[in-house]
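Here is the file final-v3.csv (CSV, N, CA and C atoms).
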```
chain,number,residue,atom,x,y,z
E,69,MET,N,28.5,8.8,-3.6
E,69,MET,CA,28.1,8.8,-2.2
E,69,MET,C,28.3,10.2,-1.7
E,70,GLY,N,29.3,10.9,-1.5
E,70,GLY,CA,29.6,12.0,-0.7
E,70,GLY,C,28.7,13.3,-1.1
E,71,ASN,N,27.7,13.2,-1.9
E,71,ASN,CA,26.9,14.3,-2.3
E,71,ASN,C,25.8,14.7,-1.3
E,72,GLY,N,25.7,14.0,-0.2
E,72,GLY,CA,24.7,14.3,0.8
E,72,GLY,C,23.4,13.7,0.5
E,73,LYS,N,23.3,12.9,-0.6
E,73,LYS,CA,22.1,12.3,-1.0
E,73,LYS,C,22.1,10.8,-0.6
E,74,SER,N,20.9,10.4,-0.1
E,74,SER,CA,20.8,9.0,0.4
E,74,SER,C,21.0,8.0,-0.8
E,75,ASP,N,21.7,6.9,-0.5
E,75,ASP,CA,21.9,5.9,-1.5
E,75,ASP,C,20.6,5.1,-1.8
E,76,LEU,N,19.8,5.0,-0.7
E,76,LEU,CA,18.5,4.2,-0.8
E,76,LEU,C,17.4,5.1,-0.4
E,77,SER,N,16.4,5.2,-1.3
E,77,SER,CA,15.3,6.1,-1.0
E,77,SER,C,14.0,5.4,-1.5
E,78,LEU,N,13.0,5.4,-0.6
E,78,LEU,CA,11.7,4.9,-0.9
E,78,LEU,C,10.6,5.9,-0.6
E,79,PRO,N,9.7,6.0,-1.5
E,79,PRO,CA,8.6,7.0,-1.3
E,79,PRO,C,7.6,6.3,-0.3
E,80,LEU,N,7.9,6.3,1.0
E,80,LEU,CA,7.2,5.6,2.0
E,80,LEU,C,5.7,6.1,2.1
E,81,THR,N,5.5,7.4,2.0
E,81,THR,CA,4.2,8.0,2.1
E,81,THR,C,3.3,7.4,1.0
E,82,GLU,N,3.8,7.4,-0.2
E,82,GLU,CA,3.0,6.8,-1.3
E,82,GLU,C,2.9,5.3,-1.2
E,83,LEU,N,3.9,4.7,-0.7
E,83,LEU,CA,3.8,3.2,-0.5
E,83,LEU,C,2.8,2.8,0.6
E,84,GLU,N,2.7,3.6,1.6
E,84,GLU,CA,1.8,3.4,2.7
E,84,GLU,C,0.3,3.5,2.1
E,85,SER,N,0.1,4.5,1.3
E,85,SER,CA,-1.2,4.7,0.8
E,85,SER,C,-1.6,3.7,-0.3
E,86,TYR,N,-0.5,3.1,-0.9
E,86,TYR,CA,-0.7,2.1,-2.0
E,86,TYR,C,-1.6,0.9,-1.5
E,87,GLY,N,-1.2,0.4,-0.3
E,87,GLY,CA,-2.0,-0.7,0.2
E,87,GLY,C,-3.5,-0.4,0.5
E,88,ARG,N,-3.7,0.8,1.0
E,88,ARG,CA,-5.0,1.3,1.3
E,88,ARG,C,-5.8,1.4,0.0
E,89,ARG,N,-5.2,2.0,-1.1
E,89,ARG,CA,-5.8,2.2,-2.3
E,89,ARG,C,-6.2,0.9,-3.0
E,90,LEU,N,-5.3,-0.1,-2.9
E,90,LEU,CA,-5.6,-1.4,-3.4
E,90,LEU,C,-6.8,-2.1,-2.7
E,91,ARG,N,-6.8,-1.9,-1.4
E,91,ARG,CA,-8.0,-2.5,-0.7
E,91,ARG,C,-9.3,-1.8,-1.0
E,92,SER,N,-9.2,-0.5,-1.2
E,92,SER,CA,-10.4,0.3,-1.6
E,92,SER,C,-10.8,-0.2,-3.0
E,93,LEU,N,-9.9,-0.4,-3.9
E,93,LEU,CA,-10.3,-0.9,-5.2
E,93,LEU,C,-11.0,-2.2,-5.1
E,94,LYS,N,-10.4,-3.1,-4.3
E,94,LYS,CA,-11.0,-4.4,-4.1
E,94,LYS,C,-12.5,-4.3,-3.6
E,95,THR,N,-12.7,-3.4,-2.7
E,95,THR,CA,-14.1,-3.2,-2.2
E,95,THR,C,-15.0,-2.7,-3.3
E,96,ARG,N,-14.5,-1.8,-4.0
E,96,ARG,CA,-15.3,-1.2,-5.1
E,96,ARG,C,-15.6,-2.3,-6.2
E,97,LEU,N,-14.6,-3.1,-6.5
E,97,LEU,CA,-14.9,-4.2,-7.5
E,97,LEU,C,-15.9,-5.2,-7.0
E,98,ASN,N,-16.0,-5.4,-5.7
E,98,ASN,CA,-16.9,-6.3,-5.1
E,98,ASN,C,-18.3,-5.8,-5.0
E,99,HIS,N,-18.5,-4.5,-5.3
E,99,HIS,CA,-19.8,-3.9,-5.2
E,99,HIS,C,-20.4,-3.5,-6.6
E,100,THR,N,-19.9,-4.2,-7.6
E,100,THR,CA,-20.5,-3.9,-9.0
E,100,THR,C,-21.9,-4.2,-9.1
E,101,LYS,N,-22.3,-5.3,-8.5
E,101,LYS,CA,-23.7,-5.8,-8.6
E,101,LYS,C,-24.7,-4.7,-8.0
E,102,LYS,N,-24.3,-4.2,-6.8
E,102,LYS,CA,-25.1,-3.2,-6.2
E,102,LYS,C,-25.2,-1.9,-7.0
E,103,LEU,N,-24.0,-1.6,-7.6
E,103,LEU,CA,-23.9,-0.4,-8.5
E,103,LEU,C,-24.9,-0.5,-9.7
E,104,PHE,N,-24.8,-1.7,-10.3
E,104,PHE,CA,-25.6,-1.9,-11.5
E,104,PHE,C,-27.1,-1.9,-11.1
E,105,GLU,N,-27.4,-2.5,-10.0
E,105,GLU,CA,-28.8,-2.5,-9.5
E,105,GLU,C,-29.3,-1.1,-9.2
E,106,SER,N,-28.4,-0.2,-8.7
E,106,SER,CA,-28.8,1.1,-8.4
E,106,SER,C,-29.2,2.0,-9.6
E,107,TYR,N,-28.7,1.6,-10.8
E,107,TYR,CA,-29.0,2.3,-12.0
E,107,TYR,C,-30.1,1.6,-12.8
E,108,GLN,N,-30.6,0.5,-12.3
E,108,GLN,CA,-31.6,-0.3,-13.1
E,108,GLN,C,-32.8,0.5,-13.6
E,109,ASP,N,-33.4,1.3,-12.7
E,109,ASP,CA,-34.6,2.1,-13.0
E,109,ASP,C,-34.2,3.2,-14.0
E,110,ASP,N,-33.0,3.8,-13.8
E,110,ASP,CA,-32.6,4.9,-14.7
E,110,ASP,C,-32.3,4.5,-16.1
E,111,ILE,N,-31.9,3.3,-16.3
E,111,ILE,CA,-31.5,2.8,-17.6
E,111,ILE,C,-32.8,2.5,-18.4
E,112,GLY,N,-33.7,1.8,-17.8
E,112,GLY,CA,-35.0,1.5,-18.4
E,112,GLY,C,-35.0,0.4,-19.4
E,113,ASP,N,-34.0,0.3,-20.3
E,113,ASP,CA,-34.0,-0.7,-21.3
E,113,ASP,C,-33.6,-2.0,-20.7
E,114,GLY,N,-34.5,-3.0,-20.9
E,114,GLY,CA,-34.2,-4.3,-20.3
E,114,GLY,C,-33.0,-5.0,-20.8
E,115,SER,N,-32.7,-4.8,-22.1
E,115,SER,CA,-31.5,-5.5,-22.7
E,115,SER,C,-30.2,-5.0,-22.1
E,116,VAL,N,-30.2,-3.7,-21.7
E,116,VAL,CA,-29.0,-3.2,-21.1
E,116,VAL,C,-28.8,-3.8,-19.7
E,117,ASN,N,-29.9,-3.8,-19.0
E,117,ASN,CA,-29.9,-4.4,-17.6
E,117,ASN,C,-29.5,-5.9,-17.7
E,118,ASP,N,-30.0,-6.6,-18.7
E,118,ASP,CA,-29.7,-8.0,-18.9
E,118,ASP,C,-28.2,-8.2,-19.2
E,119,ALA,N,-27.6,-7.3,-20.0
E,119,ALA,CA,-26.2,-7.3,-20.3
E,119,ALA,C,-25.4,-7.0,-19.1
E,120,LEU,N,-25.8,-6.1,-18.3
E,120,LEU,CA,-25.1,-5.8,-17.0
E,120,LEU,C,-25.2,-7.0,-16.1
E,121,GLY,N,-26.3,-7.7,-16.0
E,121,GLY,CA,-26.4,-8.9,-15.2
E,121,GLY,C,-25.5,-10.0,-15.7
E,122,ASP,N,-25.4,-10.1,-17.0
E,122,ASP,CA,-24.5,-11.1,-17.6
E,122,ASP,C,-23.1,-10.8,-17.3
E,123,PHE,N,-22.7,-9.5,-17.4
E,123,PHE,CA,-21.4,-9.1,-17.0
E,123,PHE,C,-21.1,-9.4,-15.6
E,124,GLU,N,-22.0,-9.1,-14.7
E,124,GLU,CA,-21.8,-9.4,-13.3
E,124,GLU,C,-21.6,-10.9,-13.0
E,125,SER,N,-22.4,-11.7,-13.7
E,125,SER,CA,-22.3,-13.1,-13.5
E,125,SER,C,-21.0,-13.6,-14.0
E,126,ASN,N,-20.5,-13.2,-15.1
E,126,ASN,CA,-19.2,-13.6,-15.6
E,126,ASN,C,-18.1,-13.1,-14.8
E,127,TRP,N,-18.3,-11.9,-14.3
E,127,TRP,CA,-17.3,-11.2,-13.4
E,127,TRP,C,-17.0,-12.0,-12.2
E,128,GLU,N,-18.0,-12.7,-11.7
E,128,GLU,CA,-17.9,-13.5,-10.5
E,128,GLU,C,-16.7,-14.5,-10.6
E,129,ASP,N,-16.6,-15.0,-11.8
E,129,ASP,CA,-15.6,-16.1,-12.1
E,129,ASP,C,-14.2,-15.6,-11.8
E,130,GLY,N,-13.8,-14.4,-12.2
E,130,GLY,CA,-12.4,-14.0,-12.1
E,130,GLY,C,-12.2,-13.1,-10.9
E,131,ARG,N,-13.3,-12.6,-10.2
E,131,ARG,CA,-13.2,-11.7,-9.1
E,131,ARG,C,-12.4,-12.2,-8.0
E,132,GLU,N,-12.6,-13.4,-7.6
E,132,GLU,CA,-11.9,-14.0,-6.4
E,132,GLU,C,-10.3,-13.9,-6.6
E,133,ASP,N,-9.9,-14.3,-7.8
E,133,ASP,CA,-8.5,-14.3,-8.1
E,133,ASP,C,-7.9,-12.9,-8.0
E,134,ILE,N,-8.6,-12.0,-8.6
E,134,ILE,CA,-8.2,-10.6,-8.6
E,134,ILE,C,-8.2,-10.0,-7.2
E,135,THR,N,-9.2,-10.3,-6.4
E,135,THR,CA,-9.2,-9.8,-5.0
E,135,THR,C,-8.1,-10.4,-4.2
E,136,GLN,N,-7.8,-11.6,-4.4
E,136,GLN,CA,-6.6,-12.3,-3.7
E,136,GLN,C,-5.3,-11.6,-4.1
E,137,GLN,N,-5.2,-11.3,-5.4
E,137,GLN,CA,-3.9,-10.6,-5.8
E,137,GLN,C,-3.8,-9.2,-5.3
E,138,LEU,N,-5.0,-8.5,-5.2
E,138,LEU,CA,-5.0,-7.2,-4.6
E,138,LEU,C,-4.6,-7.2,-3.1
E,139,ASP,N,-5.1,-8.2,-2.4
E,139,ASP,CA,-4.8,-8.4,-1.0
E,139,ASP,C,-3.3,-8.6,-0.9
E,140,ALA,N,-2.8,-9.5,-1.7
E,140,ALA,CA,-1.4,-9.9,-1.6
E,140,ALA,C,-0.5,-8.7,-1.9
E,141,LEU,N,-0.8,-7.9,-2.9
E,141,LEU,CA,0.0,-6.7,-3.2
E,141,LEU,C,-0.1,-5.7,-2.1
E,142,GLY,N,-1.3,-5.5,-1.5
E,142,GLY,CA,-1.4,-4.6,-0.4
E,142,GLY,C,-0.6,-5.1,0.8
E,143,ASP,N,-0.6,-6.4,1.1
E,143,ASP,CA,0.2,-6.9,2.2
E,143,ASP,C,1.7,-6.8,2.0
E,144,MET,N,2.1,-7.0,0.7
E,144,MET,CA,3.5,-6.8,0.4
E,144,MET,C,3.9,-5.3,0.6
E,145,SER,N,3.1,-4.4,0.1
E,145,SER,CA,3.4,-3.0,0.3
E,145,SER,C,3.5,-2.6,1.8
E,146,ASP,N,2.6,-3.1,2.6
E,146,ASP,CA,2.6,-2.9,4.0
E,146,ASP,C,3.9,-3.4,4.6
E,147,ALA,N,4.3,-4.6,4.2
E,147,ALA,CA,5.5,-5.3,4.7
E,147,ALA,C,6.8,-4.5,4.3
E,148,VAL,N,6.8,-4.0,3.1
E,148,VAL,CA,8.0,-3.2,2.7
E,148,VAL,C,8.1,-1.9,3.5
E,149,VAL,N,7.0,-1.2,3.8
E,149,VAL,CA,7.0,0.0,4.6
E,149,VAL,C,7.5,-0.4,6.0
E,150,ARG,N,6.9,-1.4,6.6
E,150,ARG,CA,7.2,-1.8,7.9
E,150,ARG,C,8.7,-2.2,8.1
E,151,GLU,N,9.2,-3.0,7.2
E,151,GLU,CA,10.6,-3.4,7.3
E,151,GLU,C,11.6,-2.3,7.0
E,152,PHE,N,11.2,-1.4,6.1
E,152,PHE,CA,12.1,-0.3,5.8
E,152,PHE,C,12.2,0.7,7.0
E,153,LYS,N,11.0,0.9,7.6
E,153,LYS,CA,11.0,1.8,8.8
E,153,LYS,C,11.8,1.1,9.9
E,154,LYS,N,11.7,-0.2,10.1
E,154,LYS,CA,12.5,-0.9,11.1
E,154,LYS,C,14.0,-0.8,10.8
E,155,LEU,N,14.4,-1.0,9.6
E,155,LEU,CA,15.8,-0.9,9.2
E,155,LEU,C,16.3,0.5,9.4
E,156,ASP,N,15.5,1.5,9.0
E,156,ASP,CA,15.9,2.9,9.2
E,156,ASP,C,16.0,3.2,10.7
E,157,ASP,N,15.1,2.7,11.5
E,157,ASP,CA,15.2,3.0,13.0
E,157,ASP,C,16.5,2.3,13.6
E,158,ASP,N,16.8,1.0,13.1
E,158,ASP,CA,17.9,0.3,13.6
E,158,ASP,C,19.2,1.0,13.2
E,159,LEU,N,19.3,1.5,11.9
E,159,LEU,CA,20.5,2.2,11.5
E,159,LEU,C,20.7,3.5,12.2
E,160,THR,N,19.6,4.2,12.4
E,160,THR,CA,19.7,5.5,13.2
E,160,THR,C,20.2,5.2,14.6
E,161,LYS,N,19.7,4.2,15.2
E,161,LYS,CA,20.2,3.9,16.6
E,161,LYS,C,21.7,3.5,16.6
E,162,LYS,N,22.1,2.7,15.6
E,162,LYS,CA,23.5,2.4,15.5
E,162,LYS,C,24.4,3.6,15.3
E,163,VAL,N,24.0,4.5,14.4
E,163,VAL,CA,24.7,5.7,14.2
E,163,VAL,C,24.8,6.6,15.5
E,164,ASN,N,23.7,6.7,16.1
E,164,ASN,CA,23.6,7.5,17.4
E,164,ASN,C,24.5,6.9,18.4
E,165,ASP,N,24.5,5.6,18.6
E,165,ASP,CA,25.3,4.9,19.5
E,165,ASP,C,26.8,5.1,19.2
E,166,ALA,N,27.1,5.0,17.9
E,166,ALA,CA,28.5,5.2,17.5
E,166,ALA,C,29.0,6.6,17.8
E,167,VAL,N,28.1,7.6,17.6
E,167,VAL,CA,28.5,9.0,17.8
E,167,VAL,C,28.7,9.2,19.3
E,168,ARG,N,27.9,8.6,20.2
E,168,ARG,CA,28.0,8.7,21.6
E,168,ARG,C,29.3,8.1,22.1
E,169,THR,N,29.6,6.9,21.5
E,169,THR,CA,30.9,6.2,21.9
E,169,THR,C,32.1,7.1,21.5
E,170,GLU,N,32.0,7.6,20.3
E,170,GLU,CA,33.1,8.5,19.8
E,170,GLU,C,33.3,9.7,20.7
E,171,ASP,N,32.2,10.3,21.2
E,171,ASP,CA,32.2,11.5,22.1
E,171,ASP,C,32.9,11.1,23.4
E,172,LYS,N,32.6,9.9,23.9
E,172,LYS,CA,33.2,9.5,25.2
E,172,LYS,C,34.7,9.2,25.0
E,173,ARG,N,35.1,8.6,23.9
E,173,ARG,CA,36.5,8.3,23.7
E,173,ARG,C,37.4,9.5,23.4
E,174,GLY,N,36.8,10.4,22.5
E,174,GLY,CA,37.6,11.5,22.0
E,174,GLY,C,37.5,12.7,22.9
E,175,GLY,N,36.5,12.7,23.8
E,175,GLY,CA,36.3,13.8,24.7
E,175,GLY,C,35.8,15.0,24.0
E,176,LYS,N,35.2,14.8,22.8
E,176,LYS,CA,34.6,15.9,22.0
E,176,LYS,C,33.1,15.9,22.2
E,177,LYS,N,32.5,17.0,22.1
E,177,LYS,CA,31.1,17.1,22.2
E,177,LYS,C,30.6,17.2,20.7
E,178,ALA,N,29.3,17.0,20.5
E,178,ALA,CA,28.7,17.1,19.2
E,178,ALA,C,29.0,18.5,18.7
E,179,GLY,N,29.3,18.6,17.4
E,179,GLY,CA,29.6,19.9,16.8
E,179,GLY,C,31.0,20.3,16.8
E,180,GLY,N,31.9,19.4,17.4
E,180,GLY,CA,33.3,19.6,17.3
E,180,GLY,C,33.9,20.5,18.4
E,181,GLU,N,33.0,20.8,19.5
E,181,GLU,CA,33.5,21.6,20.6
E,181,GLU,C,34.4,20.7,21.5
E,182,ALA,N,35.3,21.3,22.2
E,182,ALA,CA,36.2,20.5,23.1
E,182,ALA,C,35.7,20.7,24.5
```
Translate this structure into structure tokens?
Amino acid sequence: MGNGKSDLSLPLTELESYGRRLRSLKTRLNHTKKLFESYQDDIGDGSVNDALGDFESNWEDGREDITQQLDALGDMSDAVVREFKKLDDDLTKKVNDAVRTEDKRGGKKAGGEA
């Protein structure tokens, strides 16, 4: 402990963007049909387009489960960030209140001045 380093550290900035990235991934996963259709004329070969259509059809089966899991992970990430910030704010307030109380009792000002 006494090394000036926090005992608990979370990469909040990265965790905040994690939920957004998961939701972006979900959106992109749900647009595969449109993506495949946008390349249909460029591909030209009907068998490739048929294979992509089959993939999209089969993909429908598992997509809902995956998108629900992505939403759940995004929500958990948001909750961790929210609760950690709340905890940090509460602890900061308690420390500041304790310092103010000590200043009143000891007659010392911040920085050790009398």
Neighbour residues at most 12 Å from (4.6, -4.2, 2.6) (only C-alpha atoms) as a short mmCIF file (atom, residue, chain, number, x, y, z; two decimals) with N, CA and C atoms, in the frame of the given file:
```
data_model
loop_
_atom_site.label_atom_id
_atom_site.label_comp_id
_atom_site.auth_asym_id
_atom_site.auth_seq_id
_atom_site.Cartn_x
_atom_site.Cartn_y
_atom_site.Cartn_z
N LEU E 80 7.90 6.30 1.00
CA LEU E 80 7.20 5.60 2.00
C LEU E 80 5.70 6.10 2.10
N GLU E 82 3.80 7.40 -0.20
CA GLU E 82 3.00 6.80 -1.30
C GLU E 82 2.90 5.30 -1.20
N LEU E 83 3.90 4.70 -0.70
CA LEU E 83 3.80 3.20 -0.50
C LEU E 83 2.80 2.80 0.60
N GLU E 84 2.70 3.60 1.60
CA GLU E 84 1.80 3.40 2.70
C GLU E 84 0.30 3.50 2.10
N SER E 85 0.10 4.50 1.30
CA SER E 85 -1.20 4.70 0.80
C SER E 85 -1.60 3.70 -0.30
N TYR E 86 -0.50 3.10 -0.90
CA TYR E 86 -0.70 2.10 -2.00
C TYR E 86 -1.60 0.90 -1.50
N GLY E 87 -1.20 0.40 -0.30
CA GLY E 87 -2.00 -0.70 0.20
C GLY E 87 -3.50 -0.40 0.50
N ARG E 88 -3.70 0.80 1.00
CA ARG E 88 -5.00 1.30 1.30
C ARG E 88 -5.80 1.40 0.00
N ASP E 139 -5.10 -8.20 -2.40
CA ASP E 139 -4.80 -8.40 -1.00
C ASP E 139 -3.30 -8.60 -0.90
N ALA E 140 -2.80 -9.50 -1.70
CA ALA E 140 -1.40 -9.90 -1.60
C ALA E 140 -0.50 -8.70 -1.90
N LEU E 141 -0.80 -7.90 -2.90
CA LEU E 141 0.00 -6.70 -3.20
C LEU E 141 -0.10 -5.70 -2.10
N GLY E 142 -1.30 -5.50 -1.50
CA GLY E 142 -1.40 -4.60 -0.40
C GLY E 142 -0.60 -5.10 0.80
N ASP E 143 -0.60 -6.40 1.10
CA ASP E 143 0.20 -6.90 2.20
C ASP E 143 1.70 -6.80 2.00
N MET E 144 2.10 -7.00 0.70
CA MET E 144 3.50 -6.80 0.40
C MET E 144 3.90 -5.30 0.60
N SER E 145 3.10 -4.40 0.10
CA SER E 145 3.40 -3.00 0.30
C SER E 145 3.50 -2.60 1.80
N ASP E 146 2.60 -3.10 2.60
CA ASP E 146 2.60 -2.90 4.00
C ASP E 146 3.90 -3.40 4.60
N ALA E 147 4.30 -4.60 4.20
CA ALA E 147 5.50 -5.30 4.70
C ALA E 147 6.80 -4.50 4.30
N VAL E 148 6.80 -4.00 3.10
CA VAL E 148 8.00 -3.20 2.70
C VAL E 148 8.10 -1.90 3.50
N VAL E 149 7.00 -1.20 3.80
CA VAL E 149 7.00 0.00 4.60
C VAL E 149 7.50 -0.40 6.00
N ARG E 150 6.90 -1.40 6.60
CA ARG E 150 7.20 -1.80 7.90
C ARG E 150 8.70 -2.20 8.10
N GLU E 151 9.20 -3.00 7.20
CA GLU E 151 10.60 -3.40 7.30
C GLU E 151 11.60 -2.30 7.00
N PHE E 152 11.20 -1.40 6.10
CA PHE E 152 12.10 -0.30 5.80
C PHE E 152 12.20 0.70 7.00
N LYS E 153 11.00 0.90 7.60
CA LYS E 153 11.00 1.80 8.80
C LYS E 153 11.80 1.10 9.90
#
```
Distance atom N of Lys94 (chain E)-atom N of Glu132 (chain E), one decimal place? 11.0 Å
Atom C of Thr81 (chain E) to atom C of Gln137 (chain E), distance in Å rounded to a single decimal: 19.1 Å
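When atom C of Phe104 (chain E) is paired with atom C of Ser125 (chain E), their separation reads 13.5 Å.
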Of the candidates E:Thr169, E:Leu138, E:Lys162, E:Asn126, which one gets nearest to Arg91 (chain E) if we count all atoms listed in the file? E:Leu138
Could you go through region 71-179 of chain E and tell me which residues DSSP, when run on the backbone, assigns to helix (DSSP H, G or I), listing them as an MDAnalysis selection string? chainID E and resid 80:97 100:106 108:111 114:174
Missing atoms of region 147-156 of chain E rebuilt to all heavy atoms, written as a compact mmCIF listing (two decimals), in the coordinates of the input:
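Result saved to part-v3.txt:
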```
# COMPACT_ATOMS: atom_id res chain seq x y z
N ALA E 147 4.30 -4.60 4.20
CA ALA E 147 5.50 -5.30 4.70
C ALA E 147 6.80 -4.50 4.30
O ALA E 147 7.69 -4.33 5.15
CB ALA E 147 5.63 -6.71 4.19
N VAL E 148 6.80 -4.00 3.10
CA VAL E 148 8.00 -3.20 2.70
C VAL E 148 8.10 -1.90 3.50
O VAL E 148 9.21 -1.61 4.03
CB VAL E 148 7.89 -2.81 1.18
CG1 VAL E 148 8.90 -1.74 0.81
CG2 VAL E 148 8.07 -4.04 0.31
N VAL E 149 7.00 -1.20 3.80
CA VAL E 149 7.00 0.00 4.60
C VAL E 149 7.50 -0.40 6.00
O VAL E 149 8.35 0.29 6.58
CB VAL E 149 5.65 0.66 4.59
CG1 VAL E 149 5.59 1.77 5.63
CG2 VAL E 149 5.32 1.21 3.21
N ARG E 150 6.90 -1.40 6.60
CA ARG E 150 7.20 -1.80 7.90
C ARG E 150 8.70 -2.20 8.10
O ARG E 150 9.36 -1.69 8.99
CB ARG E 150 6.30 -2.98 8.36
CG ARG E 150 6.47 -3.45 9.78
CD ARG E 150 5.54 -4.59 10.15
NE ARG E 150 5.64 -5.72 9.24
CZ ARG E 150 4.70 -6.09 8.36
NH1 ARG E 150 3.59 -5.40 8.24
NH2 ARG E 150 4.88 -7.13 7.58
N GLU E 151 9.20 -3.00 7.20
CA GLU E 151 10.60 -3.40 7.30
C GLU E 151 11.60 -2.30 7.00
O GLU E 151 12.62 -2.22 7.60
CB GLU E 151 10.83 -4.61 6.32
CG GLU E 151 10.09 -5.88 6.73
CD GLU E 151 10.44 -6.34 8.14
OE1 GLU E 151 11.64 -6.34 8.50
OE2 GLU E 151 9.52 -6.69 8.89
N PHE E 152 11.20 -1.40 6.10
CA PHE E 152 12.10 -0.30 5.80
C PHE E 152 12.20 0.70 7.00
O PHE E 152 13.26 1.14 7.32
CB PHE E 152 11.64 0.47 4.52
CG PHE E 152 12.65 1.48 4.04
CD1 PHE E 152 13.74 1.09 3.28
CD2 PHE E 152 12.51 2.82 4.37
CE1 PHE E 152 14.68 2.01 2.85
CE2 PHE E 152 13.45 3.76 3.95
CZ PHE E 152 14.54 3.35 3.18
N LYS E 153 11.00 0.90 7.60
CA LYS E 153 11.00 1.80 8.80
C LYS E 153 11.80 1.10 9.90
O LYS E 153 12.57 1.81 10.64
CB LYS E 153 9.61 2.05 9.26
CG LYS E 153 8.90 3.07 8.39
CD LYS E 153 7.52 3.37 8.93
CE LYS E 153 6.86 4.48 8.14
NZ LYS E 153 5.54 4.82 8.67
N LYS E 154 11.70 -0.20 10.10
CA LYS E 154 12.50 -0.90 11.10
C LYS E 154 14.00 -0.80 10.80
O LYS E 154 14.75 -0.52 11.70
CB LYS E 154 12.03 -2.39 11.10
CG LYS E 154 12.71 -3.23 12.13
CD LYS E 154 12.19 -4.66 12.06
CE LYS E 154 13.05 -5.59 12.85
NZ LYS E 154 12.66 -6.99 12.67
N LEU E 155 14.40 -1.00 9.60
CA LEU E 155 15.80 -0.90 9.20
C LEU E 155 16.30 0.50 9.40
O LEU E 155 17.36 0.72 9.97
CB LEU E 155 15.92 -1.25 7.68
CG LEU E 155 17.30 -1.01 7.08
CD1 LEU E 155 18.34 -1.92 7.73
CD2 LEU E 155 17.26 -1.22 5.57
N ASP E 156 15.50 1.50 9.00
CA ASP E 156 15.90 2.90 9.20
C ASP E 156 16.00 3.20 10.70
O ASP E 156 17.02 3.87 11.11
CB ASP E 156 14.82 3.83 8.60
CG ASP E 156 15.30 5.26 8.51
OD1 ASP E 156 16.45 5.48 8.10
OD2 ASP E 156 14.50 6.17 8.84
```
